[in-house]
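> One structure, pasted below without further comment.
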Amino acid sequence: MQAFYAHMRENPKYQELVAKRGRLSWSLFAIVMVLFYGLILVVAFKPALIGQRVTEGSSLTVGVAAGLTLFVFFWFLTALYVRRANGEFDRLTAEIAAEAKKELGA
Amino acid sequence: MSTILSRLSVAALSLAASLPAMAAGPAMDSAEKQSLNVPAIIMFTIFVGLTLVITWWAARKSQSASNFYTAGGGITGFQNGMAIAGDYMSAATLLGLTAMTFSQGVDGYMYMIAFFVGWPMILFLMAEPLRNLGRFTFADITSYRLDQGKVRTLAAVSSLTVVCFYLVAQMVGAGQLIKLLFGLDYIVALFVVGALMMVYVTFGGMIATTWVQIIKAGMLLAGGTLVMIMAMAKFDFSYPKLVESVTTVHKLGFKLFTPGSLLADPVNAVSMAVGLMFGTAGLPHILMRFFTVSDAKAARKSVLYASGFIAYFFNVIFLMGLAAIIIVGQNPDFFEGGQIGGKIIGGGNMVAMHLAKAVGGNLLFGFLSAVAFATILAVVSGLALAGASAISHDLYARVIMKGKANERSELLVSKLASIGLGIVAVGLGILFEKMNVAFMVGLAFGIAASANFPVLILSMYWKGLTTRGAVAGGYIGLVLAVAFVLFSKSVWVTVLGFEKAIFPWDQPALFSMPVAFLVAIVVSKLDSSVAAAKEQDNFDDQYVRAQTGVGAAQAAAH
């Protein structure tokens, strides 16, 4: 197995996979962290803003609107990740494994 | 064999002893017993009958370790997504968050977002490595290149601590709820829950536990949606109308939509958010679900489905909680002595149940009661299975027998461990009957965030982590989380009766988790042993497997 892993590691496609996936997953994670903790910091330090109506006379408040937006948007991000990982990334992975198999005759 | 059993029972006893000492404290309002609730009992009997048939079917398949622990890896992404949602949405979630919205308004919604936001993170950072490196327990991942004995012992200790606290909270809640909903004695209720859980887990293993979760999640989603639709019909399905009506009657007025007492302290609010988000990613019974699917593709899909169900259901709960302010809060039938604004019959946690009764009569009330009972049963089974796996797969097979145990004896140990956990759960449930156990779920999340999560994520992504660092960080996180909760208001003042809390916040994670990370990193950096260098060298191979799944545990043929 070790020779197998070493071979895969040398494959430029593996490096491409790791770089692409790393970029995508850590940026999505960063977006989630910034938006979620942004909201929590507003709750902690500017609570009055959370209770304000979005527009004059609207029954929708900033907190509920922001919360609902986060629920929908974060779920959309998970869908985005699953789409790329199950398509593009899994195809790359399969190619890398097949090439290692072919060359090492495993 | 007997020495192993005695060692295990000693471990279980010392765990029980490590729970906060019992002392005189203000008792929880013990729920009053209700008359027998016939529709609820009929519907619940149907549920139990169905799950027992499934258990009987699963029992014939649960002969191998892989079927027992992970259903042979044969669960599909959709099924696992339902089961995760089922595992994650306990009765405490349904009842507690409805009640929180009912009394505190938007605070409940902020809690729900914090409960939800762990899921995208798990998908982006953890789903692939979990599935590609793990087999039966999450310690498979942390021990991939680190010292098996030490790292698995740490994982087992912290998993069992999390499982025990979570179990007690569920059991006490179960007893109170069942007494109220079904008119059964508290102790009888505990024995029913304990016995059914042992049957599911010991005979049906992960296959039965998963199907119990799936059925229960379906019932919960359907029941909650039905109650929400019937409640919203009273407001012509108009959110503005709902908001204007509730803010005119609620004592907080429009302030209902401003963060209130639960989030008043900024540090508390942030710590709550940290604990719930990262705790989700360290709960052993949740992590275990990733090993039941065939590959990383299915693992990702399960998070997509699970987070969809969870996000949807939290919004349903929010609407239920708001609607209940008018439908339950303005109806004298639901208050003791018919006094509106007084004490709610059965306590605040009954708001969701009263709402079901108000909009759908006894039949819907019975259905939601059966759902709540089924929910408790399913969550308790998942917890027991996670605890039993920690005992049999980590402690027995890997630490005590050093990998030389055969599959039969390992399975026997895990079945005995599930029975042992069932007995411990019932015993602790009886012991804690009169206590306010609300802090225990928060503590379970706090420990998971402080002991399990840092070690797990570092072992996946940081080459520099060594055994010494992992063990030091993990135990410090565990001890700090427990100590902070012990010294916080919910235990130090409410349970132990001291005057003033030493740790002024409710949730320990904001402090204990960064310390755990820091200790793990610093100790690893200072570790110049030969073993450490080898562990760091092995990271590269581990990373290839985590990224590609080549060499990962395969699904059993189905």
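Every chain in the structure tokens takes a letter, A first, then B, and so on in the order presented; its residues are numbered from 1, and the ligands are numbered from 1 following the presented order.
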So that I can check the surroundings of range 22-26 of chain A, please list as a PDB file with C-alpha atoms, in the first residue's frame every protein, DNA and RNA residue that reaches within 12 Å of it, counting only C-alpha atoms and ignoring chain neighbours fewer than 2 positions away.

ATOM      1  CA  TYR A  14      -3.233  14.262  -7.044  1.00  0.00           C
ATOM      2  CA  GLN A  15      -1.661  17.605  -6.295  1.00  0.00           C
ATOM      3  CA  GLU A  16      -4.314  19.257  -8.432  1.00  0.00           C
ATOM      4  CA  LEU A  17      -7.045  17.386  -6.515  1.00  0.00           C
ATOM      5  CA  VAL A  18      -5.678  18.328  -3.107  1.00  0.00           C
ATOM      6  CA  ALA A  19      -5.172  21.959  -4.086  1.00  0.00           C
ATOM      7  CA  LYS A  20      -8.614  22.330  -5.662  1.00  0.00           C
ATOM      8  CA  LEU A  28     -16.617  27.509   2.106  1.00  0.00           C
ATOM      9  CA  PHE A  29     -15.700  26.891   5.741  1.00  0.00           C
ATOM     10  CA  ALA A  30     -14.416  30.456   6.030  1.00  0.00           C
ATOM     11  CA  ILE A  31     -17.647  31.841   4.557  1.00  0.00           C
ATOM     12  CA  VAL A  32     -19.700  29.864   7.074  1.00  0.00           C
ATOM     13  CA  MET A  33     -17.513  30.989   9.977  1.00  0.00           C
ATOM     14  CA  LEU A  77     -23.216  25.739   0.009  1.00  0.00           C
ATOM     15  CA  THR A  78     -23.415  22.097   1.075  1.00  0.00           C
ATOM     16  CA  LEU A  80     -22.495  23.174  -4.102  1.00  0.00           C
ATOM     17  CA  TYR A  81     -19.728  21.214  -2.383  1.00  0.00           C
ATOM     18  CA  VAL A  82     -21.416  17.844  -2.851  1.00  0.00           C
ATOM     19  CA  ARG A  83     -21.942  18.592  -6.545  1.00  0.00           C
ATOM     20  CA  ARG A  84     -18.269  19.365  -7.172  1.00  0.00           C
ATOM     21  CA  ALA A  85     -16.878  16.658  -4.906  1.00  0.00           C
ATOM     22  CA  PHE A  89     -13.167  15.508  -7.586  1.00  0.00           C
TER      23      PHE A  89
ATOM     24  CA  PRO B 120     -21.801  22.405   6.704  1.00  0.00           C
ATOM     25  CA  MET B 121     -18.477  22.383   8.557  1.00  0.00           C
ATOM     26  CA  ILE B 122     -18.596  18.596   8.979  1.00  0.00           C
ATOM     27  CA  LEU B 123     -19.225  18.231   5.265  1.00  0.00           C
ATOM     28  CA  PHE B 124     -16.458  20.589   4.095  1.00  0.00           C
ATOM     29  CA  LEU B 125     -13.730  19.389   6.441  1.00  0.00           C
ATOM     30  CA  MET B 126     -14.595  16.021   7.925  1.00  0.00           C
ATOM     31  CA  ALA B 127     -16.958  13.831   5.903  1.00  0.00           C
ATOM     32  CA  GLU B 128     -14.289  12.503   3.490  1.00  0.00           C
ATOM     33  CA  TYR B 461      -5.043  17.932   8.840  1.00  0.00           C
ATOM     34  CA  GLN B 547      -8.239  12.413   0.190  1.00  0.00           C
TER      35      GLN B 547
END
> I need the chain A residues near chain B as an mmCIF file with N, CA, C and O atoms, in the first residue's frame; criterion: at most 7 Å, counting only C-alpha atoms.

data_model
loop_
_atom_site.group_PDB
_atom_site.id
_atom_site.type_symbol
_atom_site.label_atom_id
_atom_site.label_comp_id
_atom_site.auth_asym_id
_atom_site.auth_seq_id
_atom_site.Cartn_x
_atom_site.Cartn_y
_atom_site.Cartn_z
ATOM 1 N N GLN A 2 1.997 1.179 0.726
ATOM 2 C CA GLN A 2 2.833 2.377 0.846
ATOM 3 C C GLN A 2 3.374 2.837 -0.504
ATOM 4 O O GLN A 2 3.372 4.031 -0.803
ATOM 5 N N TYR A 5 0.624 4.575 -2.293
ATOM 6 C CA TYR A 5 0.398 5.941 -1.827
ATOM 7 C C TYR A 5 1.501 6.869 -2.320
ATOM 8 O O TYR A 5 1.241 7.999 -2.729
ATOM 9 N N ARG A 9 0.971 10.124 -4.659
ATOM 10 C CA ARG A 9 1.377 11.448 -4.181
ATOM 11 C C ARG A 9 2.177 12.200 -5.240
ATOM 12 O O ARG A 9 2.108 13.405 -5.354
ATOM 13 N N SER A 25 -12.964 23.680 0.014
ATOM 14 C CA SER A 25 -13.548 23.382 1.319
ATOM 15 C C SER A 25 -13.158 24.430 2.362
ATOM 16 O O SER A 25 -13.999 24.847 3.151
ATOM 17 N N PHE A 29 -15.738 26.879 4.271
ATOM 18 C CA PHE A 29 -15.700 26.891 5.741
ATOM 19 C C PHE A 29 -15.532 28.326 6.255
ATOM 20 O O PHE A 29 -16.217 28.752 7.193
ATOM 21 N N ILE A 40 -23.612 36.047 15.287
ATOM 22 C CA ILE A 40 -23.545 35.849 16.747
ATOM 23 C C ILE A 40 -22.962 37.095 17.428
ATOM 24 O O ILE A 40 -23.408 37.487 18.517
ATOM 25 N N VAL A 43 -25.637 39.577 17.685
ATOM 26 C CA VAL A 43 -26.509 39.181 18.793
ATOM 27 C C VAL A 43 -25.876 39.585 20.120
ATOM 28 O O VAL A 43 -26.531 40.107 21.016
ATOM 29 N N ALA A 44 -24.551 39.369 20.230
ATOM 30 C CA ALA A 44 -23.876 39.614 21.500
ATOM 31 C C ALA A 44 -23.719 41.102 21.788
ATOM 32 O O ALA A 44 -23.893 41.545 22.921
ATOM 33 N N PHE A 45 -23.365 41.884 20.763
ATOM 34 C CA PHE A 45 -22.976 43.270 21.048
ATOM 35 C C PHE A 45 -23.966 44.312 20.524
ATOM 36 O O PHE A 45 -23.960 45.445 20.969
ATOM 37 N N PRO A 47 -27.631 43.772 20.107
ATOM 38 C CA PRO A 47 -28.886 43.000 20.078
ATOM 39 C C PRO A 47 -30.062 43.806 19.542
ATOM 40 O O PRO A 47 -30.969 43.243 18.937
ATOM 41 N N ALA A 48 -30.036 45.109 19.721
ATOM 42 C CA ALA A 48 -31.189 45.906 19.279
ATOM 43 C C ALA A 48 -31.383 45.798 17.763
ATOM 44 O O ALA A 48 -32.513 45.775 17.273
ATOM 45 N N ILE A 50 -30.919 43.229 15.892
ATOM 46 C CA ILE A 50 -31.582 41.965 15.567
ATOM 47 C C ILE A 50 -33.103 42.126 15.583
ATOM 48 O O ILE A 50 -33.814 41.534 14.777
ATOM 49 N N GLY A 51 -33.603 42.930 16.501
ATOM 50 C CA GLY A 51 -35.044 43.067 16.669
ATOM 51 C C GLY A 51 -35.675 44.129 15.781
ATOM 52 O O GLY A 51 -36.890 44.330 15.823
ATOM 53 N N SER A 59 -43.191 43.088 9.068
ATOM 54 C CA SER A 59 -43.195 42.253 10.265
ATOM 55 C C SER A 59 -41.973 41.337 10.281
ATOM 56 O O SER A 59 -41.774 40.575 11.207
ATOM 57 N N THR A 61 -38.150 40.782 10.894
ATOM 58 C CA THR A 61 -37.099 41.482 11.627
ATOM 59 C C THR A 61 -35.733 41.055 11.104
ATOM 60 O O THR A 61 -35.608 40.021 10.455
ATOM 61 N N GLY A 67 -31.269 34.937 9.916
ATOM 62 C CA GLY A 67 -31.243 33.520 10.277
ATOM 63 C C GLY A 67 -31.744 32.656 9.130
ATOM 64 O O GLY A 67 -31.094 31.686 8.734
ATOM 65 N N PHE A 71 -29.752 29.750 6.994
ATOM 66 C CA PHE A 71 -30.202 28.362 6.823
ATOM 67 C C PHE A 71 -30.186 27.995 5.329
ATOM 68 O O PHE A 71 -29.634 26.970 4.937
ATOM 69 N N PHE A 74 -26.438 28.349 3.678
ATOM 70 C CA PHE A 74 -25.504 27.295 4.099
ATOM 71 C C PHE A 74 -25.893 25.963 3.470
ATOM 72 O O PHE A 74 -25.031 25.169 3.085
ATOM 73 N N TRP A 75 -27.193 25.725 3.369
ATOM 74 C CA TRP A 75 -27.593 24.469 2.738
ATOM 75 C C TRP A 75 -27.224 24.496 1.259
ATOM 76 O O TRP A 75 -26.770 23.498 0.707
ATOM 77 N N THR A 78 -23.658 23.543 0.976
ATOM 78 C CA THR A 78 -23.415 22.097 1.075
ATOM 79 C C THR A 78 -23.736 21.427 -0.269
ATOM 80 O O THR A 78 -22.998 20.563 -0.721
ATOM 81 N N ALA A 79 -24.830 21.875 -0.890
ATOM 82 C CA ALA A 79 -25.191 21.296 -2.192
ATOM 83 C C ALA A 79 -24.093 21.573 -3.219
ATOM 84 O O ALA A 79 -23.719 20.700 -4.006
ATOM 85 N N VAL A 82 -21.126 19.237 -2.495
ATOM 86 C CA VAL A 82 -21.416 17.844 -2.851
ATOM 87 C C VAL A 82 -21.380 17.675 -4.367
ATOM 88 O O VAL A 82 -20.838 16.704 -4.888
ATOM 89 N N ASN A 86 -18.643 15.168 -5.688
ATOM 90 C CA ASN A 86 -19.128 13.913 -6.253
ATOM 91 C C ASN A 86 -18.944 13.842 -7.761
ATOM 92 O O ASN A 86 -19.018 12.771 -8.340
ATOM 93 N N THR A 93 -10.052 11.576 -8.637
ATOM 94 C CA THR A 93 -9.604 10.520 -7.725
ATOM 95 C C THR A 93 -9.530 9.178 -8.438
ATOM 96 O O THR A 93 -8.546 8.445 -8.310
#
> Just how far from CA of Thr70 in chain B is CA of Arg408 in chain B, in Å to one decimal?
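Between CA of Arg408 in chain B and CA of Thr70 in chain B the gap is 15.9 Å.
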> Write out as a VMD selection string which residues come within 9 Å of Ala372 in chain B when counting only C-alpha atoms, dropping same-chain ones fewer than 5 positions away.
chain B and resid 90 to 91 94 to 95 174 177 to 178 216 220 367 377
> Name all residues at most 9 Å from range 184-195 of chain B (count only C-alpha atoms; drop same-chain ones fewer than 3 positions away) and give them as JSON, numbers by chain.
{"B": [33, 34, 35, 36, 171, 172, 174, 175, 176, 177, 178, 179, 180, 181, 198, 199, 200, 373, 376, 377, 380, 381, 419, 422, 423, 425, 426, 427, 429, 430, 433]}
> Could you write out that same residue set with N, CA and C atoms as a compact mmCIF listing (two decimals), in the first residue's frame?

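Here's the written file again.txt:
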# COMPACT_ATOMS: atom_id res chain seq x y z
N LYS B 33 -48.60 12.82 37.02
CA LYS B 33 -49.02 11.70 36.19
C LYS B 33 -50.37 11.98 35.56
N GLN B 34 -50.51 11.66 34.30
CA GLN B 34 -51.76 11.89 33.60
C GLN B 34 -52.52 10.58 33.48
N SER B 35 -53.81 10.69 33.15
CA SER B 35 -54.56 9.47 32.92
C SER B 35 -54.04 8.83 31.63
N LEU B 36 -54.30 7.53 31.48
CA LEU B 36 -53.78 6.80 30.32
C LEU B 36 -54.23 7.46 29.01
N MET B 171 -32.75 10.08 29.43
CA MET B 171 -33.52 9.17 30.26
C MET B 171 -34.43 9.93 31.22
N VAL B 172 -33.88 10.96 31.87
CA VAL B 172 -34.70 11.73 32.81
C VAL B 172 -35.83 12.41 32.05
N ALA B 174 -37.09 11.41 29.29
CA ALA B 174 -38.00 10.35 28.86
C ALA B 174 -38.98 9.99 29.97
N GLY B 175 -38.43 9.80 31.16
CA GLY B 175 -39.29 9.40 32.29
C GLY B 175 -40.36 10.44 32.56
N GLN B 176 -39.94 11.72 32.60
CA GLN B 176 -40.90 12.80 32.88
C GLN B 176 -41.97 12.86 31.80
N LEU B 177 -41.50 12.78 30.57
CA LEU B 177 -42.40 12.94 29.43
C LEU B 177 -43.40 11.80 29.35
N ILE B 178 -42.90 10.58 29.54
CA ILE B 178 -43.76 9.41 29.39
C ILE B 178 -44.80 9.38 30.51
N LYS B 179 -44.37 9.80 31.70
CA LYS B 179 -45.29 9.89 32.82
C LYS B 179 -46.45 10.82 32.45
N LEU B 180 -46.08 11.94 31.82
CA LEU B 180 -47.08 12.93 31.45
C LEU B 180 -47.95 12.48 30.29
N LEU B 181 -47.30 11.94 29.28
CA LEU B 181 -48.02 11.66 28.04
C LEU B 181 -48.80 10.37 28.09
N MET B 198 -32.04 -2.00 24.83
CA MET B 198 -31.14 -3.16 24.87
C MET B 198 -31.50 -4.16 23.78
N VAL B 199 -32.80 -4.35 23.56
CA VAL B 199 -33.23 -5.30 22.53
C VAL B 199 -32.75 -4.83 21.15
N TYR B 200 -33.03 -3.55 20.83
CA TYR B 200 -32.61 -3.04 19.53
C TYR B 200 -31.11 -3.21 19.33
N PHE B 373 -41.88 9.73 22.18
CA PHE B 373 -41.39 8.51 22.81
C PHE B 373 -40.44 7.79 21.85
N ILE B 376 -37.06 9.47 21.71
CA ILE B 376 -36.19 9.18 22.84
C ILE B 376 -35.55 7.81 22.68
N LEU B 377 -36.39 6.85 22.31
CA LEU B 377 -35.92 5.48 22.13
C LEU B 377 -34.81 5.40 21.09
N VAL B 380 -31.56 7.24 22.30
CA VAL B 380 -30.92 6.43 23.34
C VAL B 380 -30.22 5.21 22.73
N SER B 381 -30.86 4.58 21.74
CA SER B 381 -30.23 3.41 21.11
C SER B 381 -28.95 3.81 20.39
N ILE B 419 -25.83 -3.93 27.10
CA ILE B 419 -26.70 -4.25 28.23
C ILE B 419 -26.24 -3.48 29.46
N GLY B 422 -27.30 0.03 29.21
CA GLY B 422 -28.75 0.13 29.45
C GLY B 422 -29.03 0.17 30.94
N ILE B 423 -28.34 -0.73 31.69
CA ILE B 423 -28.55 -0.77 33.14
C ILE B 423 -28.07 0.53 33.78
N ALA B 425 -27.89 3.42 32.35
CA ALA B 425 -28.80 4.50 31.96
C ALA B 425 -30.05 4.51 32.84
N VAL B 426 -30.63 3.32 33.06
CA VAL B 426 -31.83 3.25 33.89
C VAL B 426 -31.49 3.66 35.32
N GLY B 427 -30.34 3.15 35.82
CA GLY B 427 -29.94 3.46 37.19
C GLY B 427 -29.73 4.96 37.38
N GLY B 429 -30.90 7.28 35.54
CA GLY B 429 -32.19 7.94 35.33
C GLY B 429 -32.99 7.99 36.63
N ILE B 430 -32.96 6.88 37.38
CA ILE B 430 -33.69 6.84 38.65
C ILE B 430 -33.02 7.78 39.66
N GLU B 433 -33.78 11.50 39.00
CA GLU B 433 -35.18 11.82 38.69
C GLU B 433 -35.57 13.25 39.04
> When you look at Met206 in chain B with a cut-off of 9 Å (counting only C-alpha atoms), what residues show up, excluding the ones that are within fewer than 4 positions of it in the same chain? I need them as a list of chain:residue names.
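What passes the distance filter is B:Ala58, B:Ser62, B:Asn67, B:Phe68, B:Tyr69, B:Thr70, B:Ala71, B:Gly72, B:Tyr200, B:Val201, B:Thr210, B:Trp211, B:Thr292, B:Gly382, B:Leu385.
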> Keeping only N, CA, C and O atoms, write the selected residues as a PDB file, in the first residue's frame.

ATOM      1  N   ALA B  58     -33.017  -7.756  11.344  1.00  0.00           N
ATOM      2  CA  ALA B  58     -31.625  -7.326  11.392  1.00  0.00           C
ATOM      3  C   ALA B  58     -30.771  -8.306  12.187  1.00  0.00           C
ATOM      4  O   ALA B  58     -29.586  -8.488  11.897  1.00  0.00           O
ATOM      5  N   SER B  62     -26.844  -9.509  11.775  1.00  0.00           N
ATOM      6  CA  SER B  62     -25.867  -8.819  12.624  1.00  0.00           C
ATOM      7  C   SER B  62     -24.831  -9.755  13.215  1.00  0.00           C
ATOM      8  O   SER B  62     -24.340  -9.526  14.298  1.00  0.00           O
ATOM      9  N   ASN B  67     -21.403  -5.762  10.301  1.00  0.00           N
ATOM     10  CA  ASN B  67     -22.847  -5.527  10.308  1.00  0.00           C
ATOM     11  C   ASN B  67     -23.305  -4.934  11.628  1.00  0.00           C
ATOM     12  O   ASN B  67     -24.190  -4.088  11.660  1.00  0.00           O
ATOM     13  N   PHE B  68     -22.698  -5.414  12.712  1.00  0.00           N
ATOM     14  CA  PHE B  68     -23.131  -4.941  14.022  1.00  0.00           C
ATOM     15  C   PHE B  68     -22.808  -3.469  14.224  1.00  0.00           C
ATOM     16  O   PHE B  68     -23.642  -2.681  14.641  1.00  0.00           O
ATOM     17  N   TYR B  69     -21.562  -3.070  13.910  1.00  0.00           N
ATOM     18  CA  TYR B  69     -21.147  -1.685  14.180  1.00  0.00           C
ATOM     19  C   TYR B  69     -21.660  -0.707  13.134  1.00  0.00           C
ATOM     20  O   TYR B  69     -21.963   0.433  13.420  1.00  0.00           O
ATOM     21  N   THR B  70     -21.646  -1.125  11.871  1.00  0.00           N
ATOM     22  CA  THR B  70     -21.870  -0.142  10.805  1.00  0.00           C
ATOM     23  C   THR B  70     -22.860  -0.615   9.754  1.00  0.00           C
ATOM     24  O   THR B  70     -22.877  -0.087   8.648  1.00  0.00           O
ATOM     25  N   ALA B  71     -23.700  -1.577  10.084  1.00  0.00           N
ATOM     26  CA  ALA B  71     -24.674  -2.097   9.122  1.00  0.00           C
ATOM     27  C   ALA B  71     -23.986  -2.541   7.838  1.00  0.00           C
ATOM     28  O   ALA B  71     -24.540  -2.435   6.744  1.00  0.00           O
ATOM     29  N   GLY B  72     -22.750  -3.003   7.964  1.00  0.00           N
ATOM     30  CA  GLY B  72     -22.007  -3.496   6.811  1.00  0.00           C
ATOM     31  C   GLY B  72     -21.680  -2.421   5.792  1.00  0.00           C
ATOM     32  O   GLY B  72     -21.311  -2.709   4.661  1.00  0.00           O
ATOM     33  N   TYR B 200     -33.025  -3.553  20.834  1.00  0.00           N
ATOM     34  CA  TYR B 200     -32.613  -3.037  19.531  1.00  0.00           C
ATOM     35  C   TYR B 200     -31.113  -3.208  19.329  1.00  0.00           C
ATOM     36  O   TYR B 200     -30.650  -3.691  18.306  1.00  0.00           O
ATOM     37  N   VAL B 201     -30.333  -2.746  20.315  1.00  0.00           N
ATOM     38  CA  VAL B 201     -28.891  -2.674  20.113  1.00  0.00           C
ATOM     39  C   VAL B 201     -28.255  -4.058  20.148  1.00  0.00           C
ATOM     40  O   VAL B 201     -27.485  -4.425  19.262  1.00  0.00           O
ATOM     41  N   THR B 210     -30.296   1.956  12.932  1.00  0.00           N
ATOM     42  CA  THR B 210     -30.469   2.867  11.804  1.00  0.00           C
ATOM     43  C   THR B 210     -31.919   2.928  11.354  1.00  0.00           C
ATOM     44  O   THR B 210     -32.474   4.004  11.122  1.00  0.00           O
ATOM     45  N   TRP B 211     -32.567   1.767  11.258  1.00  0.00           N
ATOM     46  CA  TRP B 211     -33.958   1.786  10.788  1.00  0.00           C
ATOM     47  C   TRP B 211     -34.887   2.405  11.816  1.00  0.00           C
ATOM     48  O   TRP B 211     -35.865   3.066  11.449  1.00  0.00           O
ATOM     49  N   THR B 292     -21.418   3.982   8.195  1.00  0.00           N
ATOM     50  CA  THR B 292     -22.473   3.060   7.755  1.00  0.00           C
ATOM     51  C   THR B 292     -22.724   3.140   6.256  1.00  0.00           C
ATOM     52  O   THR B 292     -23.522   2.375   5.745  1.00  0.00           O
ATOM     53  N   GLY B 382     -28.991   4.918  19.661  1.00  0.00           N
ATOM     54  CA  GLY B 382     -27.790   5.371  18.969  1.00  0.00           C
ATOM     55  C   GLY B 382     -26.659   5.641  19.952  1.00  0.00           C
ATOM     56  O   GLY B 382     -25.504   5.268  19.720  1.00  0.00           O
ATOM     57  N   LEU B 385     -25.244   2.354  21.343  1.00  0.00           N
ATOM     58  CA  LEU B 385     -24.401   1.673  20.366  1.00  0.00           C
ATOM     59  C   LEU B 385     -23.026   2.347  20.274  1.00  0.00           C
ATOM     60  O   LEU B 385     -21.998   1.672  20.219  1.00  0.00           O
TER      61      LEU B 385
END
> Need to verify the contact set: Val53 in chain B, 12 Å, only C-alpha atoms, exclusion of same-chain residues closer than 3 positions in sequence. Can you return it as a list of chain:residue names?
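My reading of the contact set: B:Ile46, B:Phe47, B:Val48, B:Gly49, B:Leu50, B:Trp56, B:Trp57, B:Ala58, B:Ala59, B:Arg60, B:Val199, B:Tyr200, B:Phe203, B:Gly204, B:Ala208, B:Trp211, B:Val212.
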> Identify, on the basis of only C-alpha atoms, every residue whose closest approach to range 511-513 of chain B does not exceed 9 Å; exclude the query and any residue fewer than 2 positions from it along the same chain; express the result as a list in words.
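Once the nearby chain positions are removed, what remains is Ser271, Val274, Gly275, Phe278, Gly446, Ile447, Ala449, Ser450, Ala451, Phe453, Pro454, Ile476, Gly477, Leu478, Val479, Leu480, Ala481, Phe484, Gln507, Pro508, Ala509, Val515, Ala516, Phe517 and Leu518 of chain B.
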> Print the selection's residues with N, CA and C atoms to a file, as a CSV table (one decimal), in the first residue's frame.

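Dumped to part_28.csv:
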chain,number,residue,atom,x,y,z
B,271,SER,N,-19.9,31.6,23.4
B,271,SER,CA,-19.5,30.3,23.9
B,271,SER,C,-20.6,29.3,23.5
B,274,VAL,N,-20.0,28.5,19.9
B,274,VAL,CA,-18.8,27.6,19.7
B,274,VAL,C,-19.1,26.2,20.1
B,275,GLY,N,-19.7,26.0,21.3
B,275,GLY,CA,-20.0,24.7,21.8
B,275,GLY,C,-20.9,23.9,21.0
B,278,PHE,N,-19.1,23.2,17.2
B,278,PHE,CA,-18.0,22.3,17.2
B,278,PHE,C,-18.3,21.0,18.0
B,446,GLY,N,-20.2,20.4,25.1
B,446,GLY,CA,-19.0,21.0,25.5
B,446,GLY,C,-17.8,20.1,25.5
B,447,ILE,N,-18.0,18.9,26.0
B,447,ILE,CA,-16.9,17.9,26.1
B,447,ILE,C,-16.6,17.4,24.7
B,449,ALA,N,-16.8,19.1,22.0
B,449,ALA,CA,-16.1,20.2,21.3
B,449,ALA,C,-14.7,20.3,21.8
B,450,SER,N,-14.5,20.0,23.1
B,450,SER,CA,-13.2,20.3,23.7
B,450,SER,C,-12.3,19.1,23.8
B,451,ALA,N,-12.8,17.9,23.8
B,451,ALA,CA,-11.9,16.7,23.9
B,451,ALA,C,-11.8,15.9,22.5
B,453,PHE,N,-13.3,16.9,19.3
B,453,PHE,CA,-13.1,17.6,18.0
B,453,PHE,C,-11.6,18.1,17.8
B,454,PRO,N,-10.9,18.7,18.8
B,454,PRO,CA,-9.6,19.2,18.5
B,454,PRO,C,-8.6,18.0,18.0
B,476,ILE,N,-6.8,17.4,28.7
B,476,ILE,CA,-7.0,18.8,29.2
B,476,ILE,C,-8.4,19.3,28.8
B,477,GLY,N,-8.8,19.1,27.6
B,477,GLY,CA,-10.1,19.6,27.1
B,477,GLY,C,-11.2,18.9,27.9
B,478,LEU,N,-11.1,17.6,28.1
B,478,LEU,CA,-12.1,16.9,28.8
B,478,LEU,C,-12.2,17.4,30.2
B,479,VAL,N,-11.1,17.5,30.9
B,479,VAL,CA,-11.1,17.9,32.3
B,479,VAL,C,-11.6,19.3,32.5
B,480,LEU,N,-11.1,20.2,31.6
B,480,LEU,CA,-11.6,21.6,31.7
B,480,LEU,C,-13.1,21.8,31.4
B,481,ALA,N,-13.6,21.1,30.4
B,481,ALA,CA,-15.0,21.2,30.1
B,481,ALA,C,-15.8,20.7,31.3
B,484,PHE,N,-15.4,23.3,34.3
B,484,PHE,CA,-16.1,24.6,34.1
B,484,PHE,C,-17.6,24.4,34.3
B,507,GLN,N,-21.7,27.7,29.1
B,507,GLN,CA,-21.1,26.8,28.1
B,507,GLN,C,-19.6,26.9,28.2
B,508,PRO,N,-18.9,25.8,28.4
B,508,PRO,CA,-17.4,25.9,28.6
B,508,PRO,C,-16.6,26.0,27.3
B,509,ALA,N,-17.2,25.7,26.2
B,509,ALA,CA,-16.4,25.4,25.0
B,509,ALA,C,-15.5,26.6,24.5
B,515,VAL,N,-8.0,26.0,24.6
B,515,VAL,CA,-6.9,25.4,25.4
B,515,VAL,C,-6.5,24.1,25.0
B,516,ALA,N,-7.5,23.2,24.6
B,516,ALA,CA,-7.2,21.9,24.2
B,516,ALA,C,-6.3,21.9,22.9
B,517,PHE,N,-6.7,22.8,22.0
B,517,PHE,CA,-6.0,23.0,20.7
B,517,PHE,C,-4.5,23.4,21.0
B,518,LEU,N,-4.4,24.4,21.9
B,518,LEU,CA,-3.1,25.0,22.2
B,518,LEU,C,-2.2,23.9,22.8
> Using CA of Leu456 in chain B and CA of Thr142 in chain B as the two end points, give the distance in Å to one decimal.
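For CA of Leu456 in chain B relative to CA of Thr142 in chain B, the distance reads 5.9 Å.
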> Name the residues of range 203-292 of chain B that come out as helix (DSSP H, G or I) in a backbone DSSP run; write them as a ChimeraX atom specification.
/B:203-233,239-249,253-257,261-263,266-280,284-292
